[in-house]
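Data from query-v2.tsv: TSV, N, CA and C atoms
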chain	number	residue	atom	x	y	z
W	1	MET	N	123.61	75.29	144.38
W	1	MET	CA	123.58	73.93	143.87
W	1	MET	C	123.01	73.88	142.45
W	2	TRP	N	122.08	74.79	142.12
W	2	TRP	CA	121.53	74.79	140.76
W	2	TRP	C	122.59	75.15	139.74
W	3	ASN	N	123.60	75.94	140.18
W	3	ASN	CA	124.73	76.23	139.28
W	3	ASN	C	125.45	74.93	138.91
W	4	LEU	N	125.62	74.07	139.89
W	4	LEU	CA	126.28	72.78	139.67
W	4	LEU	C	125.49	71.95	138.67
W	5	ILE	N	124.21	71.83	138.87
W	5	ILE	CA	123.38	71.01	137.97
W	5	ILE	C	123.38	71.61	136.57
W	6	GLY	N	123.31	72.93	136.46
W	6	GLY	CA	123.37	73.58	135.16
W	6	GLY	C	124.68	73.31	134.44
W	7	LEU	N	125.80	73.43	135.17
W	7	LEU	CA	127.11	73.15	134.58
W	7	LEU	C	127.20	71.70	134.12
W	8	LEU	N	126.71	70.78	134.95
W	8	LEU	CA	126.75	69.37	134.57
W	8	LEU	C	125.87	69.09	133.35
W	9	MET	N	124.71	69.73	133.28
W	9	MET	CA	123.83	69.54	132.11
W	9	MET	C	124.52	70.03	130.83
W	10	ILE	N	125.08	71.24	130.88
W	10	ILE	CA	125.75	71.80	129.70
W	10	ILE	C	126.94	70.92	129.32
W	11	SER	N	127.72	70.53	130.31
W	11	SER	CA	128.87	69.66	130.06
W	11	SER	C	128.45	68.38	129.37
W	12	ASN	N	127.38	67.77	129.86
W	12	ASN	CA	126.94	66.49	129.31
W	12	ASN	C	126.32	66.64	127.92
W	13	ILE	N	125.71	67.76	127.64
W	13	ILE	CA	125.23	67.99	126.28
W	13	ILE	C	126.41	68.03	125.31
W	14	PHE	N	127.44	68.78	125.66
W	14	PHE	CA	128.64	68.81	124.80
W	14	PHE	C	129.27	67.43	124.69
W	15	MET	N	129.38	66.72	125.83
W	15	MET	CA	130.00	65.40	125.82
W	15	MET	C	129.24	64.44	124.91
W	16	THR	N	127.92	64.46	125.03
W	16	THR	CA	127.11	63.55	124.23
W	16	THR	C	127.28	63.83	122.74
W	17	PHE	N	127.29	65.10	122.36
W	17	PHE	CA	127.50	65.42	120.95
W	17	PHE	C	128.92	65.08	120.51
W	18	ALA	N	129.89	65.27	121.39
W	18	ALA	CA	131.27	64.91	121.02
W	18	ALA	C	131.40	63.41	120.79
W	19	TRP	N	130.77	62.62	121.62
W	19	TRP	CA	130.91	61.17	121.54
W	19	TRP	C	130.03	60.54	120.48
W	20	TYR	N	128.82	61.09	120.28
W	20	TYR	CA	127.85	60.39	119.44
W	20	TYR	C	127.31	61.21	118.27
W	21	GLY	N	127.46	62.52	118.30
W	21	GLY	CA	126.90	63.36	117.24
W	21	GLY	C	127.48	63.06	115.87
W	22	HIS	N	128.74	62.67	115.83
W	22	HIS	CA	129.37	62.37	114.54
W	22	HIS	C	128.74	61.17	113.85
W	23	LEU	N	128.07	60.31	114.62
W	23	LEU	CA	127.42	59.15	114.01
W	23	LEU	C	126.28	59.54	113.09
W	24	LYS	N	125.74	60.74	113.30
W	24	LYS	CA	124.69	61.24	112.44
W	24	LYS	C	125.21	62.36	111.53
W	25	ASP	N	125.90	63.32	112.10
W	25	ASP	CA	126.30	64.52	111.37
W	25	ASP	C	127.50	64.33	110.46
W	26	LEU	N	128.42	63.48	110.86
W	26	LEU	CA	129.66	63.30	110.08
W	26	LEU	C	129.81	61.86	109.60
W	27	LYS	N	128.71	61.22	109.35
W	27	LYS	CA	128.71	59.79	109.00
W	27	LYS	C	129.58	59.49	107.76
W	28	THR	N	129.57	60.39	106.79
W	28	THR	CA	130.32	60.14	105.56
W	28	THR	C	131.66	60.86	105.54
W	29	ALA	N	131.95	61.65	106.58
W	29	ALA	CA	133.23	62.37	106.64
W	29	ALA	C	134.35	61.40	106.99
W	30	PRO	N	135.57	61.72	106.58
W	30	PRO	CA	136.71	60.89	106.99
W	30	PRO	C	136.81	60.82	108.52
W	31	LEU	N	137.31	59.72	109.02
W	31	LEU	CA	137.40	59.50	110.46
W	31	LEU	C	138.19	60.61	111.15
W	32	TRP	N	139.26	61.09	110.55
W	32	TRP	CA	140.09	62.10	111.20
W	32	TRP	C	139.30	63.40	111.40
W	33	ILE	N	138.39	63.71	110.51
W	33	ILE	CA	137.57	64.92	110.68
W	33	ILE	C	136.61	64.71	111.86
W	34	ALA	N	136.01	63.54	111.95
W	34	ALA	CA	135.12	63.25	113.07
W	34	ALA	C	135.88	63.34	114.39
W	35	ILE	N	137.11	62.85	114.42
W	35	ILE	CA	137.93	62.91	115.64
W	35	ILE	C	138.23	64.35	116.01
W	36	VAL	N	138.66	65.15	115.06
W	36	VAL	CA	139.00	66.55	115.34
W	36	VAL	C	137.77	67.33	115.82
W	37	VAL	N	136.66	67.16	115.13
W	37	VAL	CA	135.43	67.85	115.54
W	37	VAL	C	135.00	67.40	116.92
W	38	SER	N	135.09	66.10	117.19
W	38	SER	CA	134.72	65.59	118.51
W	38	SER	C	135.62	66.15	119.60
W	39	TRP	N	136.92	66.25	119.33
W	39	TRP	CA	137.84	66.81	120.32
W	39	TRP	C	137.56	68.29	120.57
W	40	LEU	N	137.20	69.01	119.54
W	40	LEU	CA	136.86	70.43	119.73
W	40	LEU	C	135.61	70.58	120.59
W	41	ILE	N	134.64	69.73	120.36
W	41	ILE	CA	133.42	69.76	121.19
W	41	ILE	C	133.76	69.31	122.61
W	42	ALA	N	134.59	68.30	122.74
W	42	ALA	CA	134.98	67.80	124.07
W	42	ALA	C	135.72	68.86	124.87
W	43	PHE	N	136.47	69.73	124.20
W	43	PHE	CA	137.13	70.82	124.92
W	43	PHE	C	136.09	71.69	125.62
W	44	LEU	N	135.00	71.99	124.92
W	44	LEU	CA	133.93	72.78	125.53
W	44	LEU	C	133.31	72.03	126.71
W	45	GLU	N	133.20	70.72	126.57
W	45	GLU	CA	132.67	69.91	127.67
W	45	GLU	C	133.54	70.06	128.91
W	46	TYR	N	134.85	70.01	128.76
W	46	TYR	CA	135.76	70.15	129.89
W	46	TYR	C	135.68	71.54	130.52
W	47	CYS	N	135.39	72.55	129.72
W	47	CYS	CA	135.26	73.91	130.25
W	47	CYS	C	134.10	74.04	131.22
W	48	PHE	N	133.13	73.14	131.14
W	48	PHE	CA	132.01	73.13	132.08
W	48	PHE	C	132.15	72.04	133.14
W	49	GLN	N	132.73	70.91	132.76
W	49	GLN	CA	132.85	69.78	133.69
W	49	GLN	C	133.82	70.07	134.83
W	50	VAL	N	134.97	70.66	134.53
W	50	VAL	CA	135.97	70.91	135.57
W	50	VAL	C	135.44	71.86	136.64
W	51	PRO	N	134.84	73.01	136.25
W	51	PRO	CA	134.27	73.85	137.31
W	51	PRO	C	133.10	73.18	138.04
W	52	ALA	N	132.33	72.36	137.33
W	52	ALA	CA	131.23	71.66	137.99
W	52	ALA	C	131.76	70.72	139.07
W	53	ASN	N	132.83	70.01	138.77
W	53	ASN	CA	133.40	69.10	139.76
W	53	ASN	C	133.95	69.86	140.96
W	54	ARG	N	134.59	70.98	140.71
W	54	ARG	CA	135.10	71.78	141.83
W	54	ARG	C	133.96	72.31	142.69
W	55	LEU	N	132.92	72.79	142.05
W	55	LEU	CA	131.76	73.28	142.77
W	55	LEU	C	131.04	72.14	143.48
W	56	GLY	N	130.94	71.01	142.82
W	56	GLY	CA	130.22	69.87	143.37
W	56	GLY	C	130.81	69.33	144.66
W	57	THR	N	132.12	69.45	144.83
W	57	THR	CA	132.75	68.94	146.05
W	57	THR	C	132.40	69.79	147.27
W	58	GLN	N	131.81	70.96	147.04
W	58	GLN	CA	131.33	71.78	148.16
W	58	GLN	C	130.02	71.23	148.72
W	59	TYR	N	129.29	70.46	147.92
W	59	TYR	CA	127.99	69.96	148.32
W	59	TYR	C	127.96	68.45	148.59
W	60	PHE	N	128.80	67.70	147.87
W	60	PHE	CA	128.71	66.24	147.89
W	60	PHE	C	130.07	65.61	148.09
W	61	ASN	N	130.06	64.36	148.58
W	61	ASN	CA	131.31	63.61	148.58
W	61	ASN	C	131.53	63.09	147.16
W	62	LEU	N	132.69	62.54	146.90
W	62	LEU	CA	133.06	62.14	145.54
W	62	LEU	C	132.12	61.09	144.93
W	63	PRO	N	131.78	60.02	145.65
W	63	PRO	CA	130.83	59.06	145.06
W	63	PRO	C	129.47	59.69	144.73
W	64	GLN	N	128.98	60.56	145.60
W	64	GLN	CA	127.71	61.22	145.33
W	64	GLN	C	127.80	62.10	144.08
W	65	LEU	N	128.89	62.84	143.97
W	65	LEU	CA	129.09	63.71	142.81
W	65	LEU	C	129.14	62.88	141.52
W	66	LYS	N	129.81	61.74	141.57
W	66	LYS	CA	129.91	60.89	140.38
W	66	LYS	C	128.54	60.32	140.00
W	67	VAL	N	127.77	59.86	140.96
W	67	VAL	CA	126.45	59.31	140.65
W	67	VAL	C	125.54	60.41	140.11
W	68	LEU	N	125.60	61.61	140.69
W	68	LEU	CA	124.82	62.73	140.17
W	68	LEU	C	125.19	62.99	138.72
W	69	GLN	N	126.49	63.00	138.42
W	69	GLN	CA	126.94	63.22	137.05
W	69	GLN	C	126.44	62.12	136.12
W	70	GLU	N	126.45	60.89	136.58
W	70	GLU	CA	125.98	59.78	135.74
W	70	GLU	C	124.48	59.85	135.50
W	71	VAL	N	123.72	60.24	136.51
W	71	VAL	CA	122.27	60.39	136.32
W	71	VAL	C	122.00	61.49	135.30
W	72	ILE	N	122.70	62.60	135.42
W	72	ILE	CA	122.53	63.69	134.44
W	72	ILE	C	122.97	63.23	133.06
W	73	THR	N	124.05	62.47	132.98
W	73	THR	CA	124.50	61.93	131.69
W	73	THR	C	123.42	61.08	131.05
W	74	MET	N	122.79	60.23	131.82
W	74	MET	CA	121.77	59.35	131.26
W	74	MET	C	120.51	60.12	130.84
W	75	VAL	N	120.16	61.15	131.59
W	75	VAL	CA	119.01	61.99	131.21
W	75	VAL	C	119.31	62.70	129.90
W	76	VAL	N	120.49	63.30	129.81
W	76	VAL	CA	120.88	63.99	128.58
W	76	VAL	C	120.96	63.00	127.42
W	77	PHE	N	121.57	61.84	127.67
W	77	PHE	CA	121.70	60.85	126.60
W	77	PHE	C	120.34	60.33	126.14
W	78	ALA	N	119.43	60.13	127.07
W	78	ALA	CA	118.09	59.67	126.70
W	78	ALA	C	117.42	60.68	125.78
W	79	GLY	N	117.49	61.95	126.15
W	79	GLY	CA	116.92	62.99	125.28
W	79	GLY	C	117.59	63.04	123.93
W	80	PHE	N	118.90	62.95	123.92
W	80	PHE	CA	119.67	62.98	122.68
W	80	PHE	C	119.30	61.79	121.79
W	81	SER	N	119.25	60.60	122.38
W	81	SER	CA	119.00	59.42	121.56
W	81	SER	C	117.58	59.40	121.01
W	82	VAL	N	116.62	59.88	121.79
W	82	VAL	CA	115.23	59.86	121.33
W	82	VAL	C	114.97	60.98	120.33
W	83	TRP	N	115.33	62.21	120.70
W	83	TRP	CA	114.95	63.35	119.85
W	83	TRP	C	115.93	63.62	118.72
W	84	TYR	N	117.21	63.40	118.96
W	84	TYR	CA	118.19	63.74	117.92
W	84	TYR	C	118.52	62.55	117.02
W	85	MET	N	118.73	61.39	117.66
W	85	MET	CA	119.10	60.20	116.88
W	85	MET	C	117.90	59.34	116.50
W	86	LYS	N	116.72	59.65	117.03
W	86	LYS	CA	115.47	58.96	116.69
W	86	LYS	C	115.48	57.48	117.11
W	87	VAL	N	116.07	57.18	118.27
W	87	VAL	CA	116.08	55.83	118.81
W	87	VAL	C	114.85	55.68	119.71
W	88	PRO	N	114.03	54.68	119.48
W	88	PRO	CA	112.83	54.53	120.30
W	88	PRO	C	113.16	54.08	121.73
W	89	VAL	N	112.34	54.50	122.67
W	89	VAL	CA	112.49	54.08	124.06
W	89	VAL	C	111.86	52.70	124.21
W	90	THR	N	112.57	51.81	124.85
W	90	THR	CA	112.06	50.46	125.08
W	90	THR	C	111.85	50.23	126.59
W	91	ARG	N	111.24	49.14	126.90
W	91	ARG	CA	111.02	48.77	128.30
W	91	ARG	C	112.35	48.65	129.04
W	92	ASN	N	113.35	48.08	128.40
W	92	ASN	CA	114.65	47.92	129.05
W	92	ASN	C	115.30	49.27	129.35
W	93	TYR	N	115.13	50.25	128.49
W	93	TYR	CA	115.65	51.59	128.78
W	93	TYR	C	115.00	52.14	130.03
W	94	PHE	N	113.69	51.95	130.13
W	94	PHE	CA	112.96	52.43	131.30
W	94	PHE	C	113.43	51.70	132.57
W	95	LEU	N	113.60	50.40	132.49
W	95	LEU	CA	114.06	49.63	133.65
W	95	LEU	C	115.48	50.04	134.05
W	96	ALA	N	116.32	50.27	133.09
W	96	ALA	CA	117.68	50.72	133.39
W	96	ALA	C	117.65	52.07	134.09
W	97	ALA	N	116.75	52.96	133.66
W	97	ALA	CA	116.61	54.26	134.32
W	97	ALA	C	116.17	54.08	135.77
W	98	MET	N	115.30	53.13	136.02
W	98	MET	CA	114.86	52.87	137.40
W	98	MET	C	116.02	52.35	138.26
W	99	LEU	N	116.85	51.50	137.69
W	99	LEU	CA	118.03	51.02	138.42
W	99	LEU	C	118.98	52.16	138.73
W	100	LEU	N	119.15	53.06	137.78
W	100	LEU	CA	120.00	54.23	138.00
W	100	LEU	C	119.42	55.12	139.10
W	101	ALA	N	118.10	55.28	139.10
W	101	ALA	CA	117.44	56.04	140.16
W	101	ALA	C	117.67	55.37	141.51
W	102	GLY	N	117.65	54.04	141.53
W	102	GLY	CA	117.94	53.32	142.77
W	102	GLY	C	119.36	53.55	143.24
W	103	ALA	N	120.31	53.57	142.32
W	103	ALA	CA	121.70	53.86	142.69
W	103	ALA	C	121.82	55.26	143.27
W	104	ALA	N	121.14	56.22	142.66
W	104	ALA	CA	121.17	57.59	143.17
W	104	ALA	C	120.57	57.64	144.58
W	105	TYR	N	119.47	56.94	144.79
W	105	TYR	CA	118.86	56.91	146.12
W	105	TYR	C	119.85	56.36	147.15
W	106	LEU	N	120.48	55.24	146.82
W	106	LEU	CA	121.41	54.61	147.76
W	106	LEU	C	122.60	55.50	148.09
W	107	ILE	N	123.17	56.13	147.07
W	107	ILE	CA	124.36	56.92	147.31
W	107	ILE	C	124.03	58.20	148.08
W	108	PHE	N	122.85	58.76	147.83
W	108	PHE	CA	122.50	60.00	148.51
W	108	PHE	C	121.88	59.75	149.88
W	109	SER	N	121.49	58.52	150.18
W	109	SER	CA	121.00	58.22	151.51
W	109	SER	C	122.16	58.09	152.49
W	110	ASP	N	123.39	57.97	151.98
W	110	ASP	CA	124.60	57.97	152.81
W	110	ASP	C	124.97	59.42	153.06
W	111	GLN	N	124.78	59.90	154.26
W	111	GLN	CA	124.94	61.32	154.57
W	111	GLN	C	126.38	61.72	154.92
W	112	THR	N	127.32	60.79	154.85
W	112	THR	CA	128.70	61.14	155.19
W	112	THR	C	129.31	61.95	154.06
W	113	LYS	N	130.06	62.97	154.42
W	113	LYS	CA	130.78	63.80	153.44
W	113	LYS	C	132.27	63.68	153.77
W	114	SER	N	133.01	63.19	152.80
W	114	SER	CA	134.45	63.00	153.02
W	114	SER	C	135.19	64.29	152.89
Taking this structure as input, can you express it in the form of structure tokens?
Amino acid sequence: MWNLIGLLMISNIFMTFAWYGHLKDLKTAPLWIAIVVSWLIAFLEYCFQVPANRLGTQYFNLPQLKVLQEVITMVVFAGFSVWYMKVPVTRNYFLAAMLLAGAAYLIFSDQTKS
């Protein structure tokens, strides 16, 4: 299972940089360059996400796998936004994280595996 979490973490790091990294790194570059660079990074994201999803279905049902992926996405995004983009953490960010934790609790308390 740690392989799954590692793959999802790596995938989400690439995804976050593909989607948002250009806002800092390629701010003055032409849009088409930002798109091409983002797609190249997104390709790497898919190289980790697809095997993670295949592996994840061995442990979780589809809704559980999706919520796990979303929780990891938000953890990675929080780190990215604070440390890389220098966005301060606010009370609402913290509350949103608690709601996400509640969603994870609810989905994982359902022990059925489809």
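When atom N of Phe48 in chain W is paired with atom N of Ser11 in chain W, their separation reads 6.1 Å.
For the choices W:Trp32, W:Ala97, W:Gly56, W:Pro88, the atom-to-atom distance to Met74 in chain W is smallest for W:Ala97 when using all atoms listed in the file.
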message: Using DSSP secondary structure from the backbone, list all alpha helix (DSSP H) positions within chain W, as a ChimeraX atom specification.
response: /W:2-16,22-25,31-56,62-79,91-109
- prompt: Which neighbours of range 4-10 of chain W fall inside 6.5 Å, counting all atoms listed in the file, when residues of the same chain fewer than 4 positions from it are skipped, and could you give them as a PyMOL selection string?
  reply: chain W and resi 14-15+45+48-49+52+55-56+72
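Of the residues listed (W:Phe17, W:Phe43, W:Phe94, W:Phe108), W:Phe108 shows the shortest atom-to-atom separation from Leu62 in chain W; distances use only C-alpha atoms.
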message: One decimal, in Å: what's the spacing between CA of Ala42 in chain W and atom N of Ala103 in chain W?
response: 27.4 Å
With a cut-off of 12 Å, could you pull out the residues of range 45-86 of chain W touching range 22-25 of chain W and give me the nearest pair of atoms for each, distance in Å to one decimal, using only C-alpha atoms, ordered by chain and ascending number, as JSON lines?
{"residue": "W:Phe80", "atom": "CA", "partner": "W:Lys24", "partner_atom": "CA", "distance": 11.5}
{"residue": "W:Ser81", "atom": "CA", "partner": "W:Lys24", "partner_atom": "CA", "distance": 10.9}
{"residue": "W:Tyr84", "atom": "CA", "partner": "W:Lys24", "partner_atom": "CA", "distance": 8.9}
{"residue": "W:Met85", "atom": "CA", "partner": "W:Lys24", "partner_atom": "CA", "distance": 7.2}
{"residue": "W:Lys86", "atom": "CA", "partner": "W:Lys24", "partner_atom": "CA", "distance": 10.4}
Please produce a file of the residues just selected, as a short mmCIF file (atom, residue, chain, number, x, y, z; two decimals), in the frame of the given file, where the atoms kept are N, CA and C atoms.
data_model
loop_
_atom_site.label_atom_id
_atom_site.label_comp_id
_atom_site.auth_asym_id
_atom_site.auth_seq_id
_atom_site.Cartn_x
_atom_site.Cartn_y
_atom_site.Cartn_z
N PHE W 80 118.90 62.95 123.92
CA PHE W 80 119.67 62.98 122.68
C PHE W 80 119.30 61.79 121.79
N SER W 81 119.25 60.60 122.38
CA SER W 81 119.00 59.42 121.56
C SER W 81 117.58 59.40 121.01
N TYR W 84 117.21 63.40 118.96
CA TYR W 84 118.19 63.74 117.92
C TYR W 84 118.52 62.55 117.02
N MET W 85 118.73 61.39 117.66
CA MET W 85 119.10 60.20 116.88
C MET W 85 117.90 59.34 116.50
N LYS W 86 116.72 59.65 117.03
CA LYS W 86 115.47 58.96 116.69
C LYS W 86 115.48 57.48 117.11
#
task: Tell me which protein, DNA and RNA residues are within 8 Å of Thr73 in chain W, counting all atoms listed in the file, leaving out same-chain ones fewer than 5 positions away, and put them as a VMD selection string.
output: chain W and resid 8 to 9 11 to 13 16 67 to 68 78 to 79
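If you look at CA of Val36 in chain W and CA of Tyr20 in chain W, they are 13.4 Å away from each other.
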Would you kindly place N, CA, C and O atoms on range 69-84 of chain W and return the model as a PDB file, in the coordinates of the input?
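rebuild.pdb, freshly written:
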ATOM      1  N   GLN W  69     126.490  63.000 138.420  1.00  0.00           N
ATOM      2  CA  GLN W  69     126.940  63.220 137.050  1.00  0.00           C
ATOM      3  C   GLN W  69     126.440  62.120 136.120  1.00  0.00           C
ATOM      4  O   GLN W  69     126.014  62.402 135.001  1.00  0.00           O
ATOM      5  N   GLU W  70     126.450  60.890 136.580  1.00  0.00           N
ATOM      6  CA  GLU W  70     125.980  59.780 135.740  1.00  0.00           C
ATOM      7  C   GLU W  70     124.480  59.850 135.500  1.00  0.00           C
ATOM      8  O   GLU W  70     124.013  59.553 134.392  1.00  0.00           O
ATOM      9  N   VAL W  71     123.720  60.240 136.510  1.00  0.00           N
ATOM     10  CA  VAL W  71     122.270  60.390 136.320  1.00  0.00           C
ATOM     11  C   VAL W  71     122.000  61.490 135.300  1.00  0.00           C
ATOM     12  O   VAL W  71     121.186  61.307 134.384  1.00  0.00           O
ATOM     13  N   ILE W  72     122.700  62.600 135.420  1.00  0.00           N
ATOM     14  CA  ILE W  72     122.530  63.690 134.440  1.00  0.00           C
ATOM     15  C   ILE W  72     122.970  63.230 133.060  1.00  0.00           C
ATOM     16  O   ILE W  72     122.300  63.511 132.062  1.00  0.00           O
ATOM     17  N   THR W  73     124.050  62.470 132.980  1.00  0.00           N
ATOM     18  CA  THR W  73     124.500  61.930 131.690  1.00  0.00           C
ATOM     19  C   THR W  73     123.420  61.080 131.050  1.00  0.00           C
ATOM     20  O   THR W  73     123.145  61.204 129.850  1.00  0.00           O
ATOM     21  N   MET W  74     122.790  60.230 131.820  1.00  0.00           N
ATOM     22  CA  MET W  74     121.770  59.350 131.260  1.00  0.00           C
ATOM     23  C   MET W  74     120.510  60.120 130.840  1.00  0.00           C
ATOM     24  O   MET W  74     119.885  59.788 129.840  1.00  0.00           O
ATOM     25  N   VAL W  75     120.160  61.150 131.590  1.00  0.00           N
ATOM     26  CA  VAL W  75     119.010  61.990 131.210  1.00  0.00           C
ATOM     27  C   VAL W  75     119.310  62.700 129.900  1.00  0.00           C
ATOM     28  O   VAL W  75     118.483  62.703 128.973  1.00  0.00           O
ATOM     29  N   VAL W  76     120.490  63.300 129.810  1.00  0.00           N
ATOM     30  CA  VAL W  76     120.880  63.990 128.580  1.00  0.00           C
ATOM     31  C   VAL W  76     120.960  63.000 127.420  1.00  0.00           C
ATOM     32  O   VAL W  76     120.453  63.262 126.323  1.00  0.00           O
ATOM     33  N   PHE W  77     121.570  61.840 127.670  1.00  0.00           N
ATOM     34  CA  PHE W  77     121.700  60.850 126.600  1.00  0.00           C
ATOM     35  C   PHE W  77     120.340  60.330 126.140  1.00  0.00           C
ATOM     36  O   PHE W  77     120.125  60.122 124.944  1.00  0.00           O
ATOM     37  N   ALA W  78     119.430  60.130 127.070  1.00  0.00           N
ATOM     38  CA  ALA W  78     118.090  59.670 126.700  1.00  0.00           C
ATOM     39  C   ALA W  78     117.420  60.680 125.780  1.00  0.00           C
ATOM     40  O   ALA W  78     116.865  60.318 124.741  1.00  0.00           O
ATOM     41  N   GLY W  79     117.490  61.950 126.150  1.00  0.00           N
ATOM     42  CA  GLY W  79     116.920  62.990 125.280  1.00  0.00           C
ATOM     43  C   GLY W  79     117.590  63.040 123.930  1.00  0.00           C
ATOM     44  O   GLY W  79     116.930  63.112 122.885  1.00  0.00           O
ATOM     45  N   PHE W  80     118.900  62.950 123.920  1.00  0.00           N
ATOM     46  CA  PHE W  80     119.670  62.980 122.680  1.00  0.00           C
ATOM     47  C   PHE W  80     119.300  61.790 121.790  1.00  0.00           C
ATOM     48  O   PHE W  80     119.060  61.963 120.586  1.00  0.00           O
ATOM     49  N   SER W  81     119.250  60.600 122.380  1.00  0.00           N
ATOM     50  CA  SER W  81     119.000  59.420 121.560  1.00  0.00           C
ATOM     51  C   SER W  81     117.580  59.400 121.010  1.00  0.00           C
ATOM     52  O   SER W  81     117.373  58.989 119.870  1.00  0.00           O
ATOM     53  N   VAL W  82     116.620  59.880 121.790  1.00  0.00           N
ATOM     54  CA  VAL W  82     115.230  59.860 121.330  1.00  0.00           C
ATOM     55  C   VAL W  82     114.970  60.980 120.330  1.00  0.00           C
ATOM     56  O   VAL W  82     114.457  60.760 119.235  1.00  0.00           O
ATOM     57  N   TRP W  83     115.330  62.210 120.700  1.00  0.00           N
ATOM     58  CA  TRP W  83     114.950  63.350 119.850  1.00  0.00           C
ATOM     59  C   TRP W  83     115.930  63.620 118.720  1.00  0.00           C
ATOM     60  O   TRP W  83     115.524  64.028 117.645  1.00  0.00           O
ATOM     61  N   TYR W  84     117.210  63.400 118.960  1.00  0.00           N
ATOM     62  CA  TYR W  84     118.190  63.740 117.920  1.00  0.00           C
ATOM     63  C   TYR W  84     118.520  62.550 117.020  1.00  0.00           C
ATOM     64  O   TYR W  84     118.574  62.669 115.809  1.00  0.00           O
TER      65      TYR W  84
END
